[in-house]
Every structure is written in structure tokens, then in C-alpha cells.
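K.L.:
Take a look at model_3.cif, mmCIF, C-alpha atoms:
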```cif
data_data
#
loop_
_atom_site.group_PDB
_atom_site.id
_atom_site.type_symbol
_atom_site.label_atom_id
_atom_site.label_comp_id
_atom_site.auth_asym_id
_atom_site.auth_seq_id
_atom_site.Cartn_x
_atom_site.Cartn_y
_atom_site.Cartn_z
ATOM 1 C CA ASP A 1 -51.598 -2.715 -63.748
ATOM 2 C CA GLN A 2 -50.250 -0.505 -66.514
ATOM 3 C CA GLN A 3 -50.320 3.196 -65.806
ATOM 4 C CA VAL A 4 -49.092 4.112 -69.304
ATOM 5 C CA LYS A 5 -50.617 2.257 -72.232
ATOM 6 C CA GLN A 6 -49.669 2.144 -75.872
ATOM 7 C CA ASN A 7 -52.370 0.000 -77.388
ATOM 8 C CA SER A 8 -50.876 -0.354 -80.861
ATOM 9 C CA PRO A 9 -47.873 -2.711 -80.861
ATOM 10 C CA SER A 10 -47.091 -1.709 -84.436
ATOM 11 C CA LEU A 11 -47.979 0.897 -87.043
ATOM 12 C CA SER A 12 -47.160 1.001 -90.743
ATOM 13 C CA VAL A 13 -47.107 4.354 -92.578
ATOM 14 C CA GLN A 14 -46.119 5.333 -96.078
ATOM 15 C CA GLU A 15 -43.084 7.583 -96.475
ATOM 16 C CA GLY A 16 -44.079 11.250 -96.656
ATOM 17 C CA ARG A 17 -47.394 10.748 -94.839
ATOM 18 C CA ILE A 18 -48.224 11.585 -91.230
ATOM 19 C CA SER A 19 -47.473 9.083 -88.451
ATOM 20 C CA ILE A 20 -49.674 9.320 -85.353
ATOM 21 C CA LEU A 21 -48.676 7.359 -82.263
ATOM 22 C CA ASN A 22 -51.066 7.236 -79.329
ATOM 23 C CA CYS A 23 -50.637 6.864 -75.585
ATOM 24 C CA ASP A 24 -53.097 6.729 -72.683
ATOM 25 C CA TYR A 25 -52.394 7.064 -68.979
ATOM 26 C CA THR A 26 -54.358 6.385 -65.822
ATOM 27 C CA ASN A 27 -52.417 8.154 -63.063
ATOM 28 C CA SER A 28 -53.730 11.686 -62.457
ATOM 29 C CA MET A 29 -50.475 12.588 -60.675
ATOM 30 C CA PHE A 30 -48.500 12.458 -63.912
ATOM 31 C CA ASP A 31 -47.653 15.983 -65.028
ATOM 32 C CA TYR A 32 -44.790 15.530 -67.492
ATOM 33 C CA PHE A 33 -44.839 13.347 -70.571
ATOM 34 C CA LEU A 34 -42.054 12.302 -72.918
ATOM 35 C CA TRP A 35 -41.564 10.400 -76.156
ATOM 36 C CA TYR A 36 -38.480 8.306 -76.831
ATOM 37 C CA LYS A 37 -37.298 6.597 -80.002
ATOM 38 C CA LYS A 38 -35.403 3.316 -79.768
ATOM 39 C CA TYR A 39 -33.454 1.231 -82.266
ATOM 40 C CA PRO A 40 -32.638 -2.435 -81.500
ATOM 41 C CA ALA A 41 -29.708 -2.975 -79.094
ATOM 42 C CA GLU A 42 -29.460 0.758 -78.378
ATOM 43 C CA GLY A 43 -30.716 2.979 -75.590
ATOM 44 C CA PRO A 44 -33.806 5.161 -76.064
ATOM 45 C CA THR A 45 -33.238 8.624 -77.510
ATOM 46 C CA PHE A 46 -35.253 11.521 -76.108
ATOM 47 C CA LEU A 47 -37.466 13.118 -78.767
ATOM 48 C CA ILE A 48 -39.884 15.586 -77.261
ATOM 49 C CA SER A 49 -41.751 16.295 -74.036
ATOM 50 C CA ILE A 50 -44.756 18.202 -72.777
ATOM 51 C CA SER A 51 -45.814 19.388 -69.343
ATOM 52 C CA SER A 52 -49.394 19.275 -68.143
ATOM 53 C CA ILE A 53 -49.757 23.055 -68.344
ATOM 54 C CA LYS A 54 -49.601 22.845 -72.144
ATOM 55 C CA ASP A 55 -51.680 21.015 -74.728
ATOM 56 C CA LYS A 56 -49.196 21.101 -77.593
ATOM 57 C CA ASN A 57 -45.448 21.166 -78.104
ATOM 58 C CA GLU A 58 -43.722 21.225 -81.464
ATOM 59 C CA ASP A 59 -40.132 20.534 -82.482
ATOM 60 C CA GLY A 60 -39.430 20.323 -86.182
ATOM 61 C CA ARG A 61 -41.273 17.349 -87.668
ATOM 62 C CA PHE A 62 -42.441 16.183 -84.222
ATOM 63 C CA THR A 63 -45.505 17.486 -82.395
ATOM 64 C CA VAL A 64 -46.932 16.143 -79.151
ATOM 65 C CA PHE A 65 -50.544 16.793 -78.179
ATOM 66 C CA LEU A 66 -51.890 16.361 -74.652
ATOM 67 C CA ASN A 67 -55.569 15.974 -73.756
ATOM 68 C CA LYS A 68 -55.651 15.996 -69.967
ATOM 69 C CA SER A 69 -59.364 15.398 -69.613
ATOM 70 C CA ALA A 70 -59.076 12.227 -71.700
ATOM 71 C CA LYS A 71 -55.673 11.308 -70.201
ATOM 72 C CA HIS A 72 -54.396 10.888 -73.727
ATOM 73 C CA LEU A 73 -51.374 12.076 -75.647
ATOM 74 C CA SER A 74 -50.225 11.591 -79.195
ATOM 75 C CA LEU A 75 -47.051 12.068 -81.193
ATOM 76 C CA HIS A 76 -47.350 13.320 -84.773
ATOM 77 C CA ILE A 77 -44.473 12.940 -87.207
ATOM 78 C CA VAL A 78 -44.806 14.910 -90.435
ATOM 79 C CA PRO A 79 -43.574 14.013 -92.980
ATOM 80 C CA SER A 80 -42.545 10.476 -92.081
ATOM 81 C CA GLN A 81 -39.094 9.415 -93.262
ATOM 82 C CA PRO A 82 -37.436 5.980 -93.528
ATOM 83 C CA GLY A 83 -35.129 6.807 -90.611
ATOM 84 C CA ASP A 84 -38.187 7.179 -88.394
ATOM 85 C CA SER A 85 -38.658 3.404 -88.410
ATOM 86 C CA ALA A 86 -38.060 2.430 -84.775
ATOM 87 C CA VAL A 87 -39.889 1.599 -81.560
ATOM 88 C CA TYR A 88 -41.445 4.643 -79.897
ATOM 89 C CA PHE A 89 -42.005 4.728 -76.151
ATOM 90 C CA CYS A 90 -44.339 7.028 -74.312
ATOM 91 C CA ALA A 91 -43.252 7.849 -70.746
ATOM 92 C CA ALA A 92 -44.700 9.832 -67.864
ATOM 93 C CA LYS A 93 -43.543 11.331 -64.592
ATOM 94 C CA GLY A 94 -45.216 12.733 -61.504
ATOM 95 C CA GLY A 95 -43.898 15.498 -59.321
ATOM 96 C CA GLY A 96 -41.593 13.253 -57.315
ATOM 97 C CA ALA A 97 -37.919 12.497 -57.752
ATOM 98 C CA ASP A 98 -38.353 8.952 -58.971
ATOM 99 C CA GLY A 99 -38.029 7.621 -62.499
ATOM 100 C CA LEU A 100 -40.227 7.488 -65.553
ATOM 101 C CA THR A 101 -43.145 5.142 -66.141
ATOM 102 C CA PHE A 102 -43.027 3.710 -69.646
ATOM 103 C CA GLY A 103 -45.548 2.216 -72.027
ATOM 104 C CA LYS A 104 -44.717 -1.007 -73.887
ATOM 105 C CA GLY A 105 -43.856 0.818 -77.097
ATOM 106 C CA THR A 106 -45.153 1.029 -80.669
ATOM 107 C CA HIS A 107 -43.069 -0.268 -83.545
ATOM 108 C CA LEU A 108 -43.340 2.275 -86.357
ATOM 109 C CA ILE A 109 -42.534 1.035 -89.848
ATOM 110 C CA ILE A 110 -42.151 3.585 -92.629
ATOM 111 C CA GLN A 111 -42.755 2.032 -96.030
ATOM 112 C CA PRO A 112 -41.218 3.489 -99.201
ATOM 113 C CA ASP B 1 -18.006 14.048 -76.225
ATOM 114 C CA GLY B 2 -20.537 14.013 -73.387
ATOM 115 C CA GLY B 3 -22.680 11.008 -72.754
ATOM 116 C CA ILE B 4 -23.486 7.896 -70.789
ATOM 117 C CA THR B 5 -21.290 4.833 -71.153
ATOM 118 C CA GLN B 6 -22.471 1.374 -70.176
ATOM 119 C CA SER B 7 -20.141 -1.573 -70.175
ATOM 120 C CA PRO B 8 -19.939 -4.293 -71.175
ATOM 121 C CA LYS B 9 -22.470 -4.398 -74.017
ATOM 122 C CA TYR B 10 -23.026 -8.149 -73.507
ATOM 123 C CA LEU B 11 -22.542 -10.046 -70.268
ATOM 124 C CA PHE B 12 -22.932 -13.688 -69.395
ATOM 125 C CA ARG B 13 -23.398 -15.005 -65.895
ATOM 126 C CA LYS B 14 -23.523 -18.420 -64.386
ATOM 127 C CA GLU B 15 -26.384 -19.180 -62.074
ATOM 128 C CA GLY B 16 -25.601 -18.293 -58.475
ATOM 129 C CA GLN B 17 -23.065 -15.594 -59.347
ATOM 130 C CA ASN B 18 -23.299 -11.880 -58.694
ATOM 131 C CA VAL B 19 -22.435 -9.584 -61.577
ATOM 132 C CA THR B 20 -21.878 -5.820 -61.730
ATOM 133 C CA LEU B 21 -22.917 -3.596 -64.617
ATOM 134 C CA SER B 22 -21.047 -0.350 -65.115
ATOM 135 C CA CYS B 23 -22.585 3.054 -65.850
ATOM 136 C CA GLU B 24 -20.506 6.206 -66.202
ATOM 137 C CA GLN B 25 -21.627 9.689 -67.274
ATOM 138 C CA ASN B 26 -19.645 12.841 -68.016
ATOM 139 C CA LEU B 27 -22.659 15.123 -68.319
ATOM 140 C CA ASN B 28 -22.264 16.454 -64.769
ATOM 141 C CA HIS B 29 -25.778 15.195 -64.010
ATOM 142 C CA ASP B 30 -26.874 14.802 -60.413
ATOM 143 C CA ALA B 31 -29.558 12.141 -60.946
ATOM 144 C CA MET B 32 -28.996 8.641 -62.289
ATOM 145 C CA TYR B 33 -31.340 5.703 -62.914
ATOM 146 C CA TRP B 34 -31.343 1.999 -63.729
ATOM 147 C CA TYR B 35 -34.076 0.382 -65.795
ATOM 148 C CA ARG B 36 -34.724 -3.116 -67.021
ATOM 149 C CA GLN B 37 -36.357 -3.997 -70.337
ATOM 150 C CA ASP B 38 -37.810 -7.415 -71.150
ATOM 151 C CA PRO B 39 -38.927 -8.471 -74.666
ATOM 152 C CA GLY B 40 -42.125 -6.703 -75.737
ATOM 153 C CA GLN B 41 -42.193 -4.681 -72.546
ATOM 154 C CA GLY B 42 -41.550 -1.123 -71.525
ATOM 155 C CA LEU B 43 -38.734 -0.080 -69.235
ATOM 156 C CA ARG B 44 -39.159 -0.680 -65.502
ATOM 157 C CA LEU B 45 -37.323 1.279 -62.821
ATOM 158 C CA ILE B 46 -34.906 -0.687 -60.616
ATOM 159 C CA TYR B 47 -33.097 1.993 -58.596
ATOM 160 C CA TYR B 48 -32.499 5.716 -58.786
ATOM 161 C CA SER B 49 -30.131 8.202 -57.200
ATOM 162 C CA GLN B 50 -30.845 11.898 -56.801
ATOM 163 C CA ILE B 51 -27.375 12.797 -55.606
ATOM 164 C CA VAL B 52 -24.051 11.277 -54.541
ATOM 165 C CA ASN B 53 -24.262 8.868 -51.578
ATOM 166 C CA ASP B 54 -28.035 8.614 -51.898
ATOM 167 C CA PHE B 55 -30.204 6.095 -53.728
ATOM 168 C CA GLN B 56 -33.767 4.811 -53.587
ATOM 169 C CA LYS B 57 -35.540 1.624 -54.629
ATOM 170 C CA GLY B 58 -37.659 1.694 -57.738
ATOM 171 C CA ASP B 59 -40.492 -0.615 -58.722
ATOM 172 C CA ILE B 60 -38.472 -3.827 -59.092
ATOM 173 C CA ALA B 61 -35.462 -3.506 -56.736
ATOM 174 C CA GLU B 62 -35.524 -7.037 -55.323
ATOM 175 C CA GLY B 63 -32.370 -8.960 -56.190
ATOM 176 C CA TYR B 64 -30.427 -5.832 -57.154
ATOM 177 C CA SER B 65 -28.077 -3.444 -55.345
ATOM 178 C CA VAL B 66 -26.428 -0.158 -56.269
ATOM 179 C CA SER B 67 -23.892 2.353 -54.973
ATOM 180 C CA ARG B 68 -23.302 6.024 -55.728
ATOM 181 C CA GLU B 69 -19.887 6.928 -54.346
ATOM 182 C CA LYS B 70 -19.038 9.276 -57.203
ATOM 183 C CA LYS B 71 -21.233 11.681 -59.144
ATOM 184 C CA GLU B 72 -20.282 10.179 -62.491
ATOM 185 C CA SER B 73 -20.708 6.498 -61.589
ATOM 186 C CA PHE B 74 -23.758 4.397 -60.666
ATOM 187 C CA PRO B 75 -22.934 0.647 -60.850
ATOM 188 C CA LEU B 76 -25.689 -1.954 -60.613
ATOM 189 C CA THR B 77 -25.073 -5.389 -59.063
ATOM 190 C CA VAL B 78 -27.370 -8.219 -60.087
ATOM 191 C CA THR B 79 -27.253 -10.662 -57.209
ATOM 192 C CA SER B 80 -27.985 -14.384 -57.106
ATOM 193 C CA ALA B 81 -31.256 -13.484 -55.392
ATOM 194 C CA GLN B 82 -32.597 -12.093 -58.690
ATOM 195 C CA LYS B 83 -34.533 -15.085 -60.018
ATOM 196 C CA ASN B 84 -34.910 -13.932 -63.604
ATOM 197 C CA PRO B 85 -31.920 -11.711 -64.427
ATOM 198 C CA THR B 86 -31.851 -12.215 -68.199
ATOM 199 C CA ALA B 87 -32.817 -8.828 -69.629
ATOM 200 C CA PHE B 88 -31.587 -5.632 -71.277
ATOM 201 C CA TYR B 89 -30.379 -3.153 -68.649
ATOM 202 C CA LEU B 90 -30.409 0.581 -69.300
ATOM 203 C CA CYS B 91 -28.794 3.358 -67.312
ATOM 204 C CA ALA B 92 -30.013 6.954 -67.563
ATOM 205 C CA SER B 93 -29.207 10.341 -66.099
ATOM 206 C CA SER B 94 -30.845 13.751 -65.832
ATOM 207 C CA ILE B 95 -29.496 17.120 -64.793
ATOM 208 C CA ASP B 96 -31.315 16.706 -61.500
ATOM 209 C CA ALA B 97 -34.287 14.782 -60.134
ATOM 210 C CA GLY B 98 -36.650 17.722 -60.373
ATOM 211 C CA PRO B 99 -39.861 17.739 -62.376
ATOM 212 C CA ARG B 100 -39.795 18.220 -66.146
ATOM 213 C CA ARG B 101 -36.294 16.864 -66.594
ATOM 214 C CA PRO B 102 -35.768 14.543 -69.550
ATOM 215 C CA GLN B 103 -33.632 11.490 -68.902
ATOM 216 C CA HIS B 104 -30.868 10.516 -71.296
ATOM 217 C CA PHE B 105 -29.904 6.905 -71.774
ATOM 218 C CA GLY B 106 -26.824 4.815 -72.397
ATOM 219 C CA ASP B 107 -26.810 2.025 -74.993
ATOM 220 C CA GLY B 108 -27.508 -0.724 -72.511
ATOM 221 C CA THR B 109 -26.038 -4.025 -71.331
ATOM 222 C CA ARG B 110 -27.633 -7.317 -72.322
ATOM 223 C CA LEU B 111 -27.287 -9.862 -69.513
ATOM 224 C CA SER B 112 -27.743 -13.565 -70.200
ATOM 225 C CA ILE B 113 -27.621 -16.550 -67.861
ATOM 226 C CA LEU B 114 -25.504 -19.524 -68.936
#
```
Just give me the structure of the file as C-alpha cells.
P.N.:
Amino acid sequence: DQQVKQNSPSLSVQEGRISILNCDYTNSMFDYFLWYKKYPAEGPTFLISISSIKDKNEDGRFTVFLNKSAKHLSLHIVPSQPGDSAVYFCAAKGGGADGLTFGKGTHLIIQP
Amino acid sequence: DGGITQSPKYLFRKEGQNVTLSCEQNLNHDAMYWYRQDPGQGLRLIYYSQIVNDFQKGDIAEGYSVSREKKESFPLTVTSAQKNPTAFYLCASSIDAGPRRPQHFGDGTRLSIL
């Protein structure tokens, strides 16, 4: 029973265009959401986060949007660069002290 | 250079043996975590520790044990009771276990059964 879902296993985007990665969640207790980027055989790297009191957070080329009523968040990367090719994980956390709940990831491929 | 160090990067185990994975951080973080990743899957929480001498089971703790005797160290033991131990293991830490704290990860240990 997945509480965080990334329904697109892969996404191909042309260099310079916008990449949009989507994530849905089912647990209403989640109030903090994060995006991680992962290369093969390496640990995930934290990219950006958003708390449930906001609907948008921006950091350079990365913007995360949160739609609480739809239980949906998205990561926008503009413009997409070759180094952005990686697996992107969406993660969520409730108010407790335990760990993050991760989606299965989306493999983003940036084509020249 | 601050960070999280996991060792070894690759580890092989014979069936029936226990094996311990190392995780050390010099970020002065209170909270530490162990996750497991299987092919095509997200990360799943094994154990977490909010503070020294305290730890809690995560979603898939069966067949694993941990200790937290020092703030900077959180070793994970994969016991013979873990029926499917082959996986990529990731250690993480955060400044504390409070809400809205991003976790930062090491580069992982890949465990394989011979």
C-alpha cells in the first residue's frame, strides 16, 4: 500500500525545456515534502522541500508546487540541463520523529 | 569536509552469517536513519535514532539490529534472520528528528549474498 506514488517510471525531456515530475500521496498526516536526486551507486542528494503551509517553493532552477486538496506535488526544472539526468525521488514526512516515506522514483533523461 | 561516510561500498556475505555496515557522520546531527533500497523501488526505513542511546524500529526492522553508543556512529547489523538481505543500504542523518528537517545521505553499501 504505497503512501507516496510516482506514476511515471521515466521521463524524457529535451535540453533547455521544462521538466515536470509528479508525485501523489495518500496520507493526510504528511506535512513536509522533499525531492531528492540520485545517481547510480550513490546516495540521494537533497534538492528542495516544501511544508504544507506553503503551495510553492523556489530555489534556482527548481520549483516545487504543492496542491494539498489534490494531495499532489510536482517538481519543475527550468531549463533542463544534461546533468539533471538522474532518478528523482519524492518523499514525505508527518509530524513524528520517524523517517521519510519515499516514492519509487522517476528516471529523468535529458536529451541533447 | 562534513558528511556521512558508509563503509564498505560493497560487501559480500555467506548465508547464515551476520554482517555489520558502518555509518559515521561528522555533521553533529542528533538523528540518524537506515534505509534499504531494492531495484525499482523507493527507500524503506529500517531503523532510526533520535538521539544517542535511543533507537526505534522502522517499517522493515525484522532481521536487523542497530546500536547508537556515540552521536557520530549508527552501525547496522544484518542478521541471519533477514531472509532477503541483498540490497542497497543507505544511512542518513538530520540535525534533529523534528518536523521539516531534510535528511542527508551517505553513498550507500551494496550487500550481496554469496
K.L.:
Please check the contacts: residues of chain A at most 6 Å away from chain B, using all atoms listed in the file, listed as a VMD selection string.
P.N.:
chain A and resid 32 42 to 43 95 97 102 to 104
K.L.:
Extract, using all atoms listed in the file, all DNA, RNA and protein residues at most 6 Å from region 44-53 of chain A, discarding same-chain residues fewer than 5 positions from it, and format them as a PDB file with C-alpha atoms, in the coordinates of the input.
P.N.:
```pdb
ATOM      1  CA  ASP A  31     -47.653  15.983 -65.028  1.00  0.00           C
ATOM      2  CA  TYR A  32     -44.790  15.530 -67.492  1.00  0.00           C
ATOM      3  CA  PHE A  33     -44.839  13.347 -70.571  1.00  0.00           C
ATOM      4  CA  LEU A  34     -42.054  12.302 -72.918  1.00  0.00           C
ATOM      5  CA  TRP A  35     -41.564  10.400 -76.156  1.00  0.00           C
ATOM      6  CA  TYR A  36     -38.480   8.306 -76.831  1.00  0.00           C
ATOM      7  CA  LYS A  37     -37.298   6.597 -80.002  1.00  0.00           C
ATOM      8  CA  LYS A  38     -35.403   3.316 -79.768  1.00  0.00           C
TER       9      LYS A  38
END
```
K.L.:
Run the PyMOL selection byres ((chain B and resi 76) around 10) mentally over the shown coordinates, then write out the matched residues as a PyMOL selection string, using the chain letters and numbers from the document.
P.N.:
chain B and resi 19-23+33-34+46-47+64-68+73-75+77-79+89+91
K.L.:
With a distance cut-off of 9 Å and only C-alpha atoms, select the neighbouring residues of Pro82 (chain A), excluding the residue or stretch itself and same-chain residues fewer than 3 positions from it, and output the selection as a list in words.
P.N.:
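Everything that qualifies: Glu15, Ser85, Ile109, Ile110, Gln111 and Pro112 of chain A.
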K.L.:
Please evaluate the PyMOL selection byres ((chain A and resi 75) around 10) against the displayed coordinates and give the resulting residues as a list in words.
P.N.:
Ser19, Ile20, Leu21, Asn22, Cys23, Leu34, Trp35, Leu47, Ile48, Ser49, Lys56, Asn57, Glu58, Phe62, Thr63, Val64, Phe65, Leu66, Leu73, Ser74, His76, Ile77, Val78, Tyr88 and Cys90 of chain A
K.L.:
Hey, which of B:Ser94, B:Gln17, B:Ser80, B:Asn26 ends up closest to Gly63 (chain B)? Count only C-alpha atoms.
P.N.:
B:Ser80
K.L.:
Of the residues A:Ala92, A:Gly60, A:Asp84, A:Ala41, which is the one nearest to Asp24 (chain A), using all atoms listed in the file?
P.N.:
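With all atoms listed in the file as the atom set, the closest residue is A:Ala92.
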K.L.:
One decimal, in Å: what's the spacing between CA of Asn27 (chain A) and CA of Gln2 (chain A)?
P.N.:
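Here the two named atoms are 9.6 Å from each other.
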K.L.:
How would region 32-49 of chain A look with N, CA, C and O atoms restored, written as a compact mmCIF listing (two decimals), in the frame of the given file?
P.N.:
```txt
# COMPACT_ATOMS: atom_id res chain seq x y z
N TYR A 32 -45.84 15.30 -66.49
CA TYR A 32 -44.79 15.53 -67.49
C TYR A 32 -44.72 14.28 -68.34
O TYR A 32 -44.66 13.16 -67.80
N PHE A 33 -44.74 14.48 -69.66
CA PHE A 33 -44.84 13.35 -70.57
C PHE A 33 -43.75 13.45 -71.63
O PHE A 33 -43.43 14.56 -72.10
N LEU A 34 -43.19 12.31 -72.00
CA LEU A 34 -42.05 12.30 -72.92
C LEU A 34 -42.26 11.22 -73.97
O LEU A 34 -42.93 10.22 -73.73
N TRP A 35 -41.64 11.42 -75.11
CA TRP A 35 -41.56 10.40 -76.16
C TRP A 35 -40.09 10.10 -76.43
O TRP A 35 -39.26 11.00 -76.55
N TYR A 36 -39.82 8.78 -76.52
CA TYR A 36 -38.48 8.31 -76.83
C TYR A 36 -38.55 7.43 -78.07
O TYR A 36 -39.53 6.73 -78.30
N LYS A 37 -37.46 7.44 -78.81
CA LYS A 37 -37.30 6.60 -80.00
C LYS A 37 -36.19 5.60 -79.70
O LYS A 37 -35.16 5.96 -79.12
N LYS A 38 -36.40 4.34 -80.09
CA LYS A 38 -35.40 3.32 -79.77
C LYS A 38 -35.16 2.40 -80.96
O LYS A 38 -36.09 1.83 -81.50
N TYR A 39 -33.87 2.24 -81.29
CA TYR A 39 -33.45 1.23 -82.27
C TYR A 39 -33.03 -0.02 -81.50
O TYR A 39 -32.64 0.05 -80.33
N PRO A 40 -33.06 -1.20 -82.16
CA PRO A 40 -32.64 -2.44 -81.50
C PRO A 40 -31.22 -2.34 -80.94
O PRO A 40 -30.34 -1.76 -81.57
N ALA A 41 -31.02 -2.89 -79.75
CA ALA A 41 -29.71 -2.98 -79.09
C ALA A 41 -29.11 -1.61 -78.79
O ALA A 41 -27.89 -1.49 -78.59
N GLU A 42 -29.93 -0.57 -78.77
CA GLU A 42 -29.46 0.76 -78.38
C GLU A 42 -30.36 1.30 -77.27
O GLU A 42 -31.47 0.81 -77.05
N GLY A 43 -29.88 2.33 -76.58
CA GLY A 43 -30.72 2.98 -75.59
C GLY A 43 -31.73 3.91 -76.23
O GLY A 43 -31.56 4.34 -77.37
N PRO A 44 -32.81 4.22 -75.53
CA PRO A 44 -33.81 5.16 -76.06
C PRO A 44 -33.20 6.55 -76.23
O PRO A 44 -32.37 6.97 -75.43
N THR A 45 -33.65 7.24 -77.26
CA THR A 45 -33.24 8.62 -77.51
C THR A 45 -34.41 9.55 -77.25
O THR A 45 -35.50 9.35 -77.79
N PHE A 46 -34.20 10.56 -76.42
CA PHE A 46 -35.25 11.52 -76.11
C PHE A 46 -35.64 12.31 -77.35
O PHE A 46 -34.79 12.82 -78.08
N LEU A 47 -36.97 12.40 -77.60
CA LEU A 47 -37.47 13.12 -78.77
C LEU A 47 -38.09 14.45 -78.40
O LEU A 47 -37.70 15.51 -78.89
N ILE A 48 -39.09 14.39 -77.55
CA ILE A 48 -39.88 15.59 -77.26
C ILE A 48 -40.66 15.34 -75.98
O ILE A 48 -40.92 14.19 -75.61
N SER A 49 -40.99 16.42 -75.28
CA SER A 49 -41.75 16.30 -74.04
C SER A 49 -42.82 17.38 -73.96
O SER A 49 -42.81 18.33 -74.75
```
